[in-house]
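See below for structure-v3.cif, which holds mmCIF, C-alpha atoms and all ligand atoms.
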```cif
data_target
loop_
_atom_site.group_PDB
_atom_site.id
_atom_site.type_symbol
_atom_site.label_atom_id
_atom_site.label_comp_id
_atom_site.auth_asym_id
_atom_site.auth_seq_id
_atom_site.Cartn_x
_atom_site.Cartn_y
_atom_site.Cartn_z
ATOM 1 C CA MET A 23 -23.166 -23.523 -44.562
ATOM 2 C CA ASP A 24 -20.764 -24.749 -47.254
ATOM 3 C CA LEU A 25 -18.238 -21.917 -47.642
ATOM 4 C CA GLY A 26 -17.333 -23.016 -51.165
ATOM 5 C CA LEU A 27 -13.622 -23.397 -50.372
ATOM 6 C CA ASN A 28 -13.177 -27.076 -51.164
ATOM 7 C CA GLY A 29 -10.091 -27.594 -53.351
ATOM 8 C CA ARG A 30 -8.895 -23.984 -53.172
ATOM 9 C CA TRP A 31 -5.286 -23.161 -52.233
ATOM 10 C CA ALA A 32 -4.397 -20.828 -49.375
ATOM 11 C CA LEU A 33 -1.050 -19.363 -48.349
ATOM 12 C CA VAL A 34 -1.229 -18.773 -44.599
ATOM 13 C CA CYS A 35 1.781 -16.872 -43.251
ATOM 14 C CA ALA A 36 3.109 -17.212 -39.702
ATOM 15 C CA ALA A 37 0.904 -20.194 -39.004
ATOM 16 C CA SER A 38 2.645 -22.714 -36.749
ATOM 17 C CA LYS A 39 0.894 -21.255 -33.695
ATOM 18 C CA GLY A 40 -1.749 -18.799 -32.560
ATOM 19 C CA LEU A 41 -4.045 -16.894 -34.898
ATOM 20 C CA GLY A 42 -2.334 -17.907 -38.150
ATOM 21 C CA ALA A 43 -2.496 -21.602 -37.210
ATOM 22 C CA ALA A 44 -6.180 -21.249 -36.332
ATOM 23 C CA CYS A 45 -6.903 -19.653 -39.725
ATOM 24 C CA ALA A 46 -5.100 -22.551 -41.465
ATOM 25 C CA GLU A 47 -7.095 -25.059 -39.423
ATOM 26 C CA ALA A 48 -10.445 -23.427 -40.226
ATOM 27 C CA LEU A 49 -9.570 -23.426 -43.939
ATOM 28 C CA VAL A 50 -8.472 -27.077 -43.889
ATOM 29 C CA ARG A 51 -11.783 -27.982 -42.212
ATOM 30 C CA GLU A 52 -13.441 -26.423 -45.288
ATOM 31 C CA GLY A 53 -11.425 -28.663 -47.628
ATOM 32 C CA CYS A 54 -8.917 -25.957 -48.591
ATOM 33 C CA ASN A 55 -5.289 -26.945 -49.369
ATOM 34 C CA VAL A 56 -2.789 -24.849 -47.435
ATOM 35 C CA VAL A 57 0.827 -23.744 -47.459
ATOM 36 C CA ILE A 58 1.788 -22.698 -43.943
ATOM 37 C CA THR A 59 4.913 -20.800 -42.933
ATOM 38 C CA ALA A 60 6.856 -19.959 -39.758
ATOM 39 C CA ARG A 61 10.507 -19.506 -38.838
ATOM 40 C CA GLY A 62 10.818 -22.475 -36.461
ATOM 41 C CA MET A 63 10.786 -25.775 -38.374
ATOM 42 C CA ALA A 64 9.825 -28.089 -35.469
ATOM 43 C CA ALA A 65 6.571 -26.372 -34.498
ATOM 44 C CA LEU A 66 5.724 -25.819 -38.161
ATOM 45 C CA GLU A 67 6.103 -29.523 -39.010
ATOM 46 C CA GLU A 68 4.093 -30.443 -35.913
ATOM 47 C CA LYS A 69 1.255 -28.141 -36.999
ATOM 48 C CA ALA A 70 1.373 -29.476 -40.566
ATOM 49 C CA THR A 71 1.025 -33.060 -39.265
ATOM 50 C CA GLU A 72 -1.931 -32.000 -37.076
ATOM 51 C CA LEU A 73 -3.629 -30.327 -40.052
ATOM 52 C CA ARG A 74 -3.096 -33.360 -42.335
ATOM 53 C CA LEU A 75 -4.857 -35.554 -39.771
ATOM 54 C CA LEU A 76 -7.942 -33.317 -39.934
ATOM 55 C CA ASP A 77 -8.579 -34.177 -43.571
ATOM 56 C CA PRO A 78 -6.358 -36.629 -45.456
ATOM 57 C CA ALA A 79 -7.833 -35.395 -48.763
ATOM 58 C CA VAL A 80 -6.356 -31.945 -48.205
ATOM 59 C CA GLN A 81 -2.763 -31.036 -49.085
ATOM 60 C CA VAL A 82 -0.767 -29.310 -46.347
ATOM 61 C CA LEU A 83 2.702 -27.989 -47.202
ATOM 62 C CA ALA A 84 5.081 -26.390 -44.712
ATOM 63 C CA VAL A 85 7.681 -23.819 -45.760
ATOM 64 C CA ALA A 86 10.074 -22.569 -43.071
ATOM 65 C CA GLY A 87 11.488 -19.050 -43.167
ATOM 66 C CA ASP A 88 11.153 -15.481 -41.959
ATOM 67 C CA ILE A 89 8.282 -14.145 -44.048
ATOM 68 C CA ALA A 90 9.773 -10.642 -43.783
ATOM 69 C CA THR A 91 12.605 -11.766 -46.099
ATOM 70 C CA PRO A 92 12.313 -11.921 -49.905
ATOM 71 C CA GLU A 93 13.756 -15.476 -49.914
ATOM 72 C CA ALA A 94 11.084 -16.863 -47.574
ATOM 73 C CA ARG A 95 8.306 -15.111 -49.492
ATOM 74 C CA ALA A 96 9.596 -16.520 -52.791
ATOM 75 C CA ALA A 97 9.778 -20.047 -51.307
ATOM 76 C CA ALA A 98 6.255 -19.832 -49.886
ATOM 77 C CA LEU A 99 4.848 -18.561 -53.180
ATOM 78 C CA ALA A 100 6.711 -21.219 -55.163
ATOM 79 C CA ALA A 101 5.248 -23.974 -52.960
ATOM 80 C CA CYS A 102 1.652 -22.881 -53.572
ATOM 81 C CA PRO A 103 0.354 -24.070 -56.976
ATOM 82 C CA GLN A 104 -1.978 -21.066 -57.068
ATOM 83 C CA VAL A 105 -2.835 -18.612 -54.338
ATOM 84 C CA ASP A 106 -6.627 -18.301 -54.148
ATOM 85 C CA ILE A 107 -6.487 -17.123 -50.546
ATOM 86 C CA LEU A 108 -3.691 -15.149 -48.904
ATOM 87 C CA ILE A 109 -3.592 -14.753 -45.136
ATOM 88 C CA ASN A 110 -0.954 -12.167 -44.247
ATOM 89 C CA ASN A 111 0.463 -12.490 -40.768
ATOM 90 C CA ALA A 112 3.778 -12.082 -38.910
ATOM 91 C CA GLY A 113 4.880 -11.569 -35.348
ATOM 92 C CA GLY A 114 4.084 -8.171 -33.878
ATOM 93 C CA PRO A 115 6.836 -5.615 -33.202
ATOM 94 C CA PRO A 116 8.174 -5.297 -29.639
ATOM 95 C CA PRO A 117 6.735 -2.779 -27.161
ATOM 96 C CA GLY A 118 8.794 0.183 -25.978
ATOM 97 C CA ASP A 119 9.304 3.942 -25.954
ATOM 98 C CA PHE A 120 9.718 5.719 -29.279
ATOM 99 C CA ARG A 121 12.725 7.594 -27.882
ATOM 100 C CA ASP A 122 14.647 4.329 -27.938
ATOM 101 C CA TRP A 123 13.821 3.363 -31.528
ATOM 102 C CA ASP A 124 16.279 4.191 -34.262
ATOM 103 C CA ARG A 125 15.703 3.960 -38.006
ATOM 104 C CA ALA A 126 16.691 0.271 -38.139
ATOM 105 C CA VAL A 127 14.075 -0.640 -35.528
ATOM 106 C CA TRP A 128 11.376 1.251 -37.441
ATOM 107 C CA LEU A 129 12.377 -0.331 -40.738
ATOM 108 C CA ALA A 130 12.170 -3.849 -39.229
ATOM 109 C CA ALA A 131 8.615 -3.167 -38.021
ATOM 110 C CA ILE A 132 7.562 -1.613 -41.317
ATOM 111 C CA ASP A 133 9.137 -4.519 -43.215
ATOM 112 C CA ALA A 134 7.315 -7.213 -41.229
ATOM 113 C CA ASN A 135 3.951 -5.566 -40.682
ATOM 114 C CA MET A 136 3.478 -3.349 -43.729
ATOM 115 C CA LEU A 137 5.805 -4.086 -46.659
ATOM 116 C CA THR A 138 5.712 -7.906 -46.400
ATOM 117 C CA PRO A 139 1.917 -8.111 -46.777
ATOM 118 C CA ILE A 140 2.075 -5.539 -49.591
ATOM 119 C CA GLU A 141 4.739 -7.601 -51.422
ATOM 120 C CA LEU A 142 2.643 -10.772 -51.101
ATOM 121 C CA ILE A 143 -0.487 -8.948 -52.266
ATOM 122 C CA LYS A 144 1.477 -7.615 -55.247
ATOM 123 C CA ALA A 145 2.656 -11.131 -56.118
ATOM 124 C CA THR A 146 -0.819 -12.685 -56.025
ATOM 125 C CA VAL A 147 -3.797 -10.412 -56.698
ATOM 126 C CA ASP A 148 -3.510 -10.011 -60.458
ATOM 127 C CA ALA A 149 -3.614 -13.790 -60.969
ATOM 128 C CA MET A 150 -6.570 -13.971 -58.558
ATOM 129 C CA ALA A 151 -8.343 -11.331 -60.638
ATOM 130 C CA ALA A 152 -7.596 -13.229 -63.856
ATOM 131 C CA ARG A 153 -9.200 -16.366 -62.333
ATOM 132 C CA GLY A 154 -12.177 -14.406 -60.957
ATOM 133 C CA PHE A 155 -11.715 -15.360 -57.301
ATOM 134 C CA GLY A 156 -9.395 -14.112 -54.581
ATOM 135 C CA ARG A 157 -9.490 -13.445 -50.854
ATOM 136 C CA VAL A 158 -6.807 -11.556 -48.954
ATOM 137 C CA ILE A 159 -6.993 -11.254 -45.179
ATOM 138 C CA ASN A 160 -4.420 -9.197 -43.316
ATOM 139 C CA ILE A 161 -4.156 -9.979 -39.612
ATOM 140 C CA THR A 162 -3.454 -6.574 -38.091
ATOM 141 C CA SER A 163 -4.504 -5.423 -34.605
ATOM 142 C CA GLY A 164 -7.167 -3.604 -32.632
ATOM 143 C CA ALA A 165 -4.348 -1.081 -32.088
ATOM 144 C CA VAL A 166 -5.167 0.261 -35.573
ATOM 145 C CA LYS A 167 -8.457 1.627 -34.202
ATOM 146 C CA ALA A 168 -7.389 2.339 -30.626
ATOM 147 C CA PRO A 169 -3.608 2.812 -30.498
ATOM 148 C CA ILE A 170 -1.748 1.296 -27.539
ATOM 149 C CA ASP A 171 0.965 3.683 -26.308
ATOM 150 C CA VAL A 172 3.730 1.107 -25.772
ATOM 151 C CA LEU A 173 3.059 -0.465 -29.179
ATOM 152 C CA GLY A 174 3.987 2.580 -31.250
ATOM 153 C CA LEU A 175 5.819 0.448 -33.831
ATOM 154 C CA SER A 176 2.702 -1.658 -34.334
ATOM 155 C CA ASN A 177 0.369 1.378 -34.375
ATOM 156 C CA GLY A 178 2.508 3.029 -37.032
ATOM 157 C CA ALA A 179 3.385 0.111 -39.333
ATOM 158 C CA ARG A 180 -0.076 -1.442 -39.285
ATOM 159 C CA SER A 181 -1.776 1.902 -39.922
ATOM 160 C CA GLY A 182 0.395 2.263 -43.021
ATOM 161 C CA LEU A 183 -0.808 -1.118 -44.283
ATOM 162 C CA THR A 184 -4.415 -0.246 -43.434
ATOM 163 C CA GLY A 185 -4.307 2.982 -45.437
ATOM 164 C CA PHE A 186 -2.734 1.267 -48.420
ATOM 165 C CA VAL A 187 -5.264 -1.580 -48.378
ATOM 166 C CA ALA A 188 -8.181 0.854 -48.158
ATOM 167 C CA GLY A 189 -7.190 2.248 -51.537
ATOM 168 C CA LEU A 190 -6.214 -1.020 -53.192
ATOM 169 C CA ALA A 191 -9.315 -2.991 -52.194
ATOM 170 C CA ARG A 192 -11.463 -0.419 -53.974
ATOM 171 C CA GLN A 193 -9.773 -0.756 -57.345
ATOM 172 C CA SER A 194 -12.378 -2.051 -59.768
ATOM 173 C CA ASN A 195 -9.839 -4.321 -61.482
ATOM 174 C CA LEU A 196 -9.764 -6.257 -58.182
ATOM 175 C CA ALA A 197 -13.174 -5.731 -56.511
ATOM 176 C CA GLY A 198 -14.839 -6.080 -59.910
ATOM 177 C CA ARG A 199 -13.111 -9.427 -60.411
ATOM 178 C CA ASN A 200 -14.238 -10.991 -57.107
ATOM 179 C CA VAL A 201 -10.952 -10.267 -55.332
ATOM 180 C CA THR A 202 -11.579 -8.959 -51.822
ATOM 181 C CA ILE A 203 -9.037 -7.560 -49.365
ATOM 182 C CA ASN A 204 -9.974 -7.149 -45.724
ATOM 183 C CA ASN A 205 -8.195 -6.664 -42.428
ATOM 184 C CA LEU A 206 -8.996 -8.671 -39.304
ATOM 185 C CA LEU A 207 -8.193 -6.736 -36.128
ATOM 186 C CA PRO A 208 -7.674 -8.949 -33.066
ATOM 187 C CA GLY A 209 -8.303 -7.602 -29.602
ATOM 188 C CA ALA A 210 -7.030 -9.921 -26.835
ATOM 189 C CA PHE A 211 -6.794 -13.544 -28.008
ATOM 190 C CA ASP A 212 -5.590 -16.437 -25.933
ATOM 191 C CA THR A 213 -2.315 -17.235 -27.713
ATOM 192 C CA GLU A 214 1.332 -17.616 -26.732
ATOM 193 C CA ARG A 215 1.897 -13.973 -27.592
ATOM 194 C CA LEU A 216 -0.859 -12.832 -25.225
ATOM 195 C CA HIS A 217 0.591 -14.962 -22.418
ATOM 196 C CA LYS A 218 3.992 -13.324 -22.884
ATOM 197 C CA THR A 219 2.397 -9.857 -22.889
ATOM 198 C CA LEU A 220 0.440 -10.648 -19.721
ATOM 199 C CA ALA A 221 3.553 -11.938 -17.952
ATOM 200 C CA ALA A 222 5.475 -8.775 -18.898
ATOM 201 C CA GLY A 223 2.559 -6.488 -17.963
ATOM 202 C CA GLY A 224 2.093 -8.279 -14.635
ATOM 203 C CA ALA A 225 5.787 -7.991 -13.771
ATOM 204 C CA LYS A 226 5.678 -4.247 -14.503
ATOM 205 C CA ALA A 227 2.525 -3.760 -12.392
ATOM 206 C CA GLY A 228 3.832 -5.930 -9.513
ATOM 207 C CA LEU A 229 1.103 -8.532 -10.123
ATOM 208 C CA SER A 230 1.169 -12.192 -11.010
ATOM 209 C CA SER A 231 0.432 -13.064 -14.613
ATOM 210 C CA GLU A 232 -2.997 -14.463 -13.555
ATOM 211 C CA GLU A 233 -3.907 -11.351 -11.526
ATOM 212 C CA PHE A 234 -2.957 -9.164 -14.456
ATOM 213 C CA ALA A 235 -4.940 -11.385 -16.855
ATOM 214 C CA ALA A 236 -8.026 -11.164 -14.586
ATOM 215 C CA ARG A 237 -7.778 -7.375 -14.622
ATOM 216 C CA ARG A 238 -7.507 -7.404 -18.415
ATOM 217 C CA ARG A 239 -10.493 -9.743 -18.826
ATOM 218 C CA ALA A 240 -12.599 -7.548 -16.527
ATOM 219 C CA GLY A 241 -12.053 -4.635 -18.927
ATOM 220 C CA ILE A 242 -13.524 -6.578 -21.875
ATOM 221 C CA PRO A 243 -17.339 -6.540 -22.114
ATOM 222 C CA ALA A 244 -17.299 -10.249 -23.110
ATOM 223 C CA GLN A 245 -15.349 -10.834 -19.830
ATOM 224 C CA ARG A 246 -12.936 -13.221 -21.510
ATOM 225 C CA PHE A 247 -10.164 -13.472 -24.064
ATOM 226 C CA GLY A 248 -11.040 -14.645 -27.558
ATOM 227 C CA SER A 249 -10.068 -18.141 -28.629
ATOM 228 C CA ALA A 250 -7.865 -18.678 -31.673
ATOM 229 C CA ALA A 251 -10.491 -21.089 -33.044
ATOM 230 C CA GLU A 252 -13.150 -18.362 -33.153
ATOM 231 C CA PHE A 253 -10.695 -16.050 -34.913
ATOM 232 C CA GLY A 254 -9.998 -18.787 -37.495
ATOM 233 C CA ALA A 255 -13.713 -19.366 -38.066
ATOM 234 C CA ILE A 256 -14.331 -15.677 -38.872
ATOM 235 C CA CYS A 257 -11.313 -15.707 -41.182
ATOM 236 C CA ALA A 258 -12.734 -18.694 -43.100
ATOM 237 C CA MET A 259 -16.106 -16.932 -43.377
ATOM 238 C CA LEU A 260 -14.429 -13.860 -44.884
ATOM 239 C CA CYS A 261 -12.663 -16.135 -47.369
ATOM 240 C CA SER A 262 -15.884 -17.836 -48.396
ATOM 241 C CA GLN A 263 -17.475 -17.800 -51.816
ATOM 242 C CA GLN A 264 -20.400 -15.952 -50.194
ATOM 243 C CA ALA A 265 -18.237 -13.033 -48.944
ATOM 244 C CA GLY A 266 -17.510 -11.564 -52.400
ATOM 245 C CA TYR A 267 -19.299 -8.263 -51.688
ATOM 246 C CA LEU A 268 -17.331 -7.583 -48.495
ATOM 247 C CA THR A 269 -14.104 -5.728 -49.241
ATOM 248 C CA GLY A 270 -11.897 -2.957 -47.887
ATOM 249 C CA GLN A 271 -13.151 -3.464 -44.335
ATOM 250 C CA ASN A 272 -11.455 -3.434 -40.945
ATOM 251 C CA ILE A 273 -13.179 -6.045 -38.847
ATOM 252 C CA LEU A 274 -12.567 -5.804 -35.139
ATOM 253 C CA LEU A 275 -12.784 -9.012 -33.077
ATOM 254 C CA ASP A 276 -12.434 -7.828 -29.501
ATOM 255 C CA GLY A 277 -15.391 -8.951 -27.380
ATOM 256 C CA GLY A 278 -16.698 -5.359 -27.379
ATOM 257 C CA ALA A 279 -13.540 -3.783 -25.926
ATOM 258 C CA TYR A 280 -13.381 -0.884 -28.404
ATOM 259 C CA PRO A 281 -15.705 1.751 -26.956
ATOM 260 C CA GLY A 282 -16.456 3.786 -30.102
ATOM 261 C CA VAL A 283 -19.595 3.807 -32.286
ATOM 262 C CA TYR A 284 -17.700 3.337 -35.568
HETATM 263 P P1 LIG B 1 1.832 -16.136 -31.609
HETATM 264 O O1 LIG B 1 0.930 -16.994 -30.795
HETATM 265 O O2 LIG B 1 3.116 -15.670 -31.002
HETATM 266 O O3 LIG B 1 2.128 -16.891 -33.003
HETATM 267 C C1 LIG B 1 2.907 -16.257 -33.963
HETATM 268 C C2 LIG B 1 3.150 -17.206 -35.129
HETATM 269 O O4 LIG B 1 3.780 -16.470 -36.163
HETATM 270 C C3 LIG B 1 4.060 -18.365 -34.814
HETATM 271 O O5 LIG B 1 3.695 -19.483 -35.590
HETATM 272 C C4 LIG B 1 5.428 -17.838 -35.251
HETATM 273 O O6 LIG B 1 6.322 -18.902 -35.498
HETATM 274 C C5 LIG B 1 5.028 -17.077 -36.511
HETATM 275 N N1 LIG B 1 5.923 -15.977 -36.897
HETATM 276 C C6 LIG B 1 6.240 -14.903 -36.144
HETATM 277 N N2 LIG B 1 7.055 -14.088 -36.843
HETATM 278 C C7 LIG B 1 7.244 -14.663 -38.057
HETATM 279 C C8 LIG B 1 7.984 -14.313 -39.214
HETATM 280 N N3 LIG B 1 8.709 -13.195 -39.247
HETATM 281 N N4 LIG B 1 7.946 -15.136 -40.293
HETATM 282 C C9 LIG B 1 7.217 -16.273 -40.269
HETATM 283 N N5 LIG B 1 6.499 -16.651 -39.191
HETATM 284 C C10 LIG B 1 6.511 -15.867 -38.102
HETATM 285 O O7 LIG B 1 1.106 -14.771 -32.056
HETATM 286 P P2 LIG B 1 -0.469 -14.470 -32.294
HETATM 287 O O8 LIG B 1 -1.069 -14.105 -30.997
HETATM 288 O O9 LIG B 1 -1.051 -15.532 -33.114
HETATM 289 O O10 LIG B 1 -0.366 -13.098 -33.121
HETATM 290 C C11 LIG B 1 -0.402 -13.039 -34.533
HETATM 291 C C12 LIG B 1 -0.391 -11.576 -34.956
HETATM 292 O O11 LIG B 1 -1.558 -10.933 -34.417
HETATM 293 C C13 LIG B 1 0.816 -10.792 -34.438
HETATM 294 O O12 LIG B 1 1.228 -9.854 -35.394
HETATM 295 C C14 LIG B 1 0.262 -10.071 -33.238
HETATM 296 O O13 LIG B 1 0.962 -8.887 -32.944
HETATM 297 C C15 LIG B 1 -1.162 -9.783 -33.688
HETATM 298 N N6 LIG B 1 -2.060 -9.568 -32.548
HETATM 299 C C16 LIG B 1 -2.307 -10.560 -31.664
HETATM 300 C C17 LIG B 1 -3.142 -10.296 -30.595
HETATM 301 C C18 LIG B 1 -3.467 -11.368 -29.556
HETATM 302 O O14 LIG B 1 -4.136 -11.058 -28.561
HETATM 303 N N7 LIG B 1 -3.047 -12.574 -29.715
HETATM 304 C C19 LIG B 1 -3.718 -9.023 -30.440
HETATM 305 C C20 LIG B 1 -3.446 -8.049 -31.375
HETATM 306 C C21 LIG B 1 -2.599 -8.324 -32.428
HETATM 307 P P3 LIG B 1 7.932 -18.678 -35.420
HETATM 308 O O15 LIG B 1 8.192 -17.895 -34.179
HETATM 309 O O16 LIG B 1 8.497 -20.051 -35.407
HETATM 310 O O17 LIG B 1 8.287 -17.916 -36.659
#
```

Would you mind giving the structure from this file in structure tokens?
Amino acid sequence: MDLGLNGRWALVCAASKGLGAACAEALVREGCNVVITARGMAALEEKATELRLLDPAVQVLAVAGDIATPEARAAALAACPQVDILINNAGGPPPGDFRDWDRAVWLAAIDANMLTPIELIKATVDAMAARGFGRVINITSGAVKAPIDVLGLSNGARSGLTGFVAGLARQSNLAGRNVTINNLLPGAFDTERLHKTLAAGGAKAGLSSEEFAARRRAGIPAQRFGSAAEFGAICAMLCSQQAGYLTGQNILLDGGAYPGVY
């Protein structure tokens, strides 16, 4: 199916690796021009080169910076001639015990995983509405539906974003102008971040990283971790011309791990 994205411009945040990079790749494969961001310049440039090789007709721009800062957001927005598609993403907050978190730790998590996507949405959706096309995807986490005790910072900050988006996506001056806003909730995806989490979890449980990973996979009905490429493909589908009636949703990609009906 032609997703109708040829020639559109996407700003894909936190996209030198993992899920963000896979979203950028899926969009480039659809002929979409992209601005990708990340803090580390070397990996970002490497990813940009890889993406350019996929389709020489597509423009790929790389803007380095911490997307949780106003300066990096301004630079990313300035690099993108028009934002038709916004993929909000950033690293997840660290695990821990809430007794150890002071106000500064909470504010950092809220900044990266709630206020940054809201700022970027604020900077882009009215122009999308004026043009009659816009797609915003927020990469959040399965922890929004089934909180993970050690990820309290993520549970809290991402739930704040989810509540805000639920209201915003339903505004008729956006939904009525073909601007959709949806959240993609990853379960366990095979990325660098997952490998780090598995190594830390294994060390805590007295298991090797592979033993711990096997235990984790066994608890997922699909019996495997998701691949970043399949996450990117779903993201591109949600950004498609055809997905204009799908808004305000929380879409869980977890191989069936969430046990609830809704
Ligand atoms: P990853 O493999 O570690 O990749 C993270 C990417 O984001 C890298 O390109 C990184 O580059 C960039 N990045 C991180 N913080 C940034 C910042 N402040 N500003 C700009 N770029 C930044 O992680 P992932 O697995 O793709 O995870 C993406 C998001 O999904 C995270 O929020 C994570 O918590 C969430 N998630 C992932 C899973 C999973 O199983 N993978 C499950 C649930 C939720 P630099 O380090 O160079 O900036």

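What the PyMOL selection byres (((chain A and resi 74) around 12) and not hetatm) grabs from this file is Ala46, Glu47, Leu49, Val50, Arg51, Gly53, Cys54, Asn55, Val56, Val57, Ile58, Glu67, Glu68, Lys69, Ala70, Thr71, Glu72, Leu73, Leu75, Leu76, Asp77, Pro78, Ala79, Val80, Gln81, Val82, Leu83 and Ala84 of chain A.
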
Residues contacting ligand LIG 1 (chain B) - anything with an atom at most 6 Å away, using only C-alpha atoms and all ligand atoms - can you give me those as a CSV table (one decimal) with C-alpha atoms, in the frame of the given file?
```csv
chain,number,residue,atom,x,y,z
A,36,ALA,CA,3.1,-17.2,-39.7
A,37,ALA,CA,0.9,-20.2,-39.0
A,38,SER,CA,2.6,-22.7,-36.7
A,39,LYS,CA,0.9,-21.3,-33.7
A,40,GLY,CA,-1.7,-18.8,-32.6
A,41,LEU,CA,-4.0,-16.9,-34.9
A,42,GLY,CA,-2.3,-17.9,-38.2
A,59,THR,CA,4.9,-20.8,-42.9
A,60,ALA,CA,6.9,-20.0,-39.8
A,61,ARG,CA,10.5,-19.5,-38.8
A,62,GLY,CA,10.8,-22.5,-36.5
A,87,GLY,CA,11.5,-19.0,-43.2
A,88,ASP,CA,11.2,-15.5,-42.0
A,89,ILE,CA,8.3,-14.1,-44.0
A,90,ALA,CA,9.8,-10.6,-43.8
A,111,ASN,CA,0.5,-12.5,-40.8
A,112,ALA,CA,3.8,-12.1,-38.9
A,113,GLY,CA,4.9,-11.6,-35.3
A,114,GLY,CA,4.1,-8.2,-33.9
A,161,ILE,CA,-4.2,-10.0,-39.6
A,162,THR,CA,-3.5,-6.6,-38.1
A,163,SER,CA,-4.5,-5.4,-34.6
A,164,GLY,CA,-7.2,-3.6,-32.6
A,208,PRO,CA,-7.7,-8.9,-33.1
A,209,GLY,CA,-8.3,-7.6,-29.6
A,210,ALA,CA,-7.0,-9.9,-26.8
A,211,PHE,CA,-6.8,-13.5,-28.0
A,212,ASP,CA,-5.6,-16.4,-25.9
A,213,THR,CA,-2.3,-17.2,-27.7
A,214,GLU,CA,1.3,-17.6,-26.7
A,215,ARG,CA,1.9,-14.0,-27.6
A,216,LEU,CA,-0.9,-12.8,-25.2
```

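Proximity ranking of A:Asp106, A:Asp122, A:Asp24, A:Asp276 relative to Gly241 of chain A places A:Asp276 first, based on all atoms listed in the file.
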
Name the residues that the PyMOL selection byres (((chain A and resi 136) around 10) and not hetatm) pulls out of this structure, and write them as a PDB file with C-alpha atoms, in the frame of the given file.
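Produced file part09.pdb, reproduced below:
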```pdb
ATOM      1  CA  ALA A  90       9.773 -10.642 -43.783  1.00  0.00           C
ATOM      2  CA  ASN A 110      -0.954 -12.167 -44.247  1.00  0.00           C
ATOM      3  CA  ALA A 112       3.778 -12.082 -38.910  1.00  0.00           C
ATOM      4  CA  LEU A 129      12.377  -0.331 -40.738  1.00  0.00           C
ATOM      5  CA  ALA A 130      12.170  -3.849 -39.229  1.00  0.00           C
ATOM      6  CA  ALA A 131       8.615  -3.167 -38.021  1.00  0.00           C
ATOM      7  CA  ILE A 132       7.562  -1.613 -41.317  1.00  0.00           C
ATOM      8  CA  ASP A 133       9.137  -4.519 -43.215  1.00  0.00           C
ATOM      9  CA  ALA A 134       7.315  -7.213 -41.229  1.00  0.00           C
ATOM     10  CA  ASN A 135       3.951  -5.566 -40.682  1.00  0.00           C
ATOM     11  CA  LEU A 137       5.805  -4.086 -46.659  1.00  0.00           C
ATOM     12  CA  THR A 138       5.712  -7.906 -46.400  1.00  0.00           C
ATOM     13  CA  PRO A 139       1.917  -8.111 -46.777  1.00  0.00           C
ATOM     14  CA  ILE A 140       2.075  -5.539 -49.591  1.00  0.00           C
ATOM     15  CA  GLU A 141       4.739  -7.601 -51.422  1.00  0.00           C
ATOM     16  CA  ASN A 160      -4.420  -9.197 -43.316  1.00  0.00           C
ATOM     17  CA  THR A 162      -3.454  -6.574 -38.091  1.00  0.00           C
ATOM     18  CA  SER A 176       2.702  -1.658 -34.334  1.00  0.00           C
ATOM     19  CA  GLY A 178       2.508   3.029 -37.032  1.00  0.00           C
ATOM     20  CA  ALA A 179       3.385   0.111 -39.333  1.00  0.00           C
ATOM     21  CA  ARG A 180      -0.076  -1.442 -39.285  1.00  0.00           C
ATOM     22  CA  SER A 181      -1.776   1.902 -39.922  1.00  0.00           C
ATOM     23  CA  GLY A 182       0.395   2.263 -43.021  1.00  0.00           C
ATOM     24  CA  LEU A 183      -0.808  -1.118 -44.283  1.00  0.00           C
ATOM     25  CA  THR A 184      -4.415  -0.246 -43.434  1.00  0.00           C
ATOM     26  CA  PHE A 186      -2.734   1.267 -48.420  1.00  0.00           C
TER      27      PHE A 186
END
```

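For the pair atom CA of Ala65 of chain A and atom CA of Ala221 of chain A, the separation is 22.2 Å.
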
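Here atom CA of Phe155 of chain A stands at a distance of 20.2 Å from atom CA of Gly254 of chain A.
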
Next item on the list: Run the PyMOL selection byres (((chain A and resi 142-147) around 10) and not hetatm) on the file and write out the hits as a ChimeraX atom specification.
Entry: /A:33,35,89,92,95-96,98-99,104-110,137-141,148-153,155-160,187,190,195-196,201-203

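In terms of minimum interatomic distance to Glu52 of chain A, A:Ala258 ranks closest within A:Ala258, A:Cys102, A:Ala250, A:Ala197, counting all atoms listed in the file.
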
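Distances here use all atoms listed in the file; by that measure, the residue among A:Gly154, A:Gly277, A:Pro117, A:Gly223 closest to Leu207 of chain A is A:Gly277.
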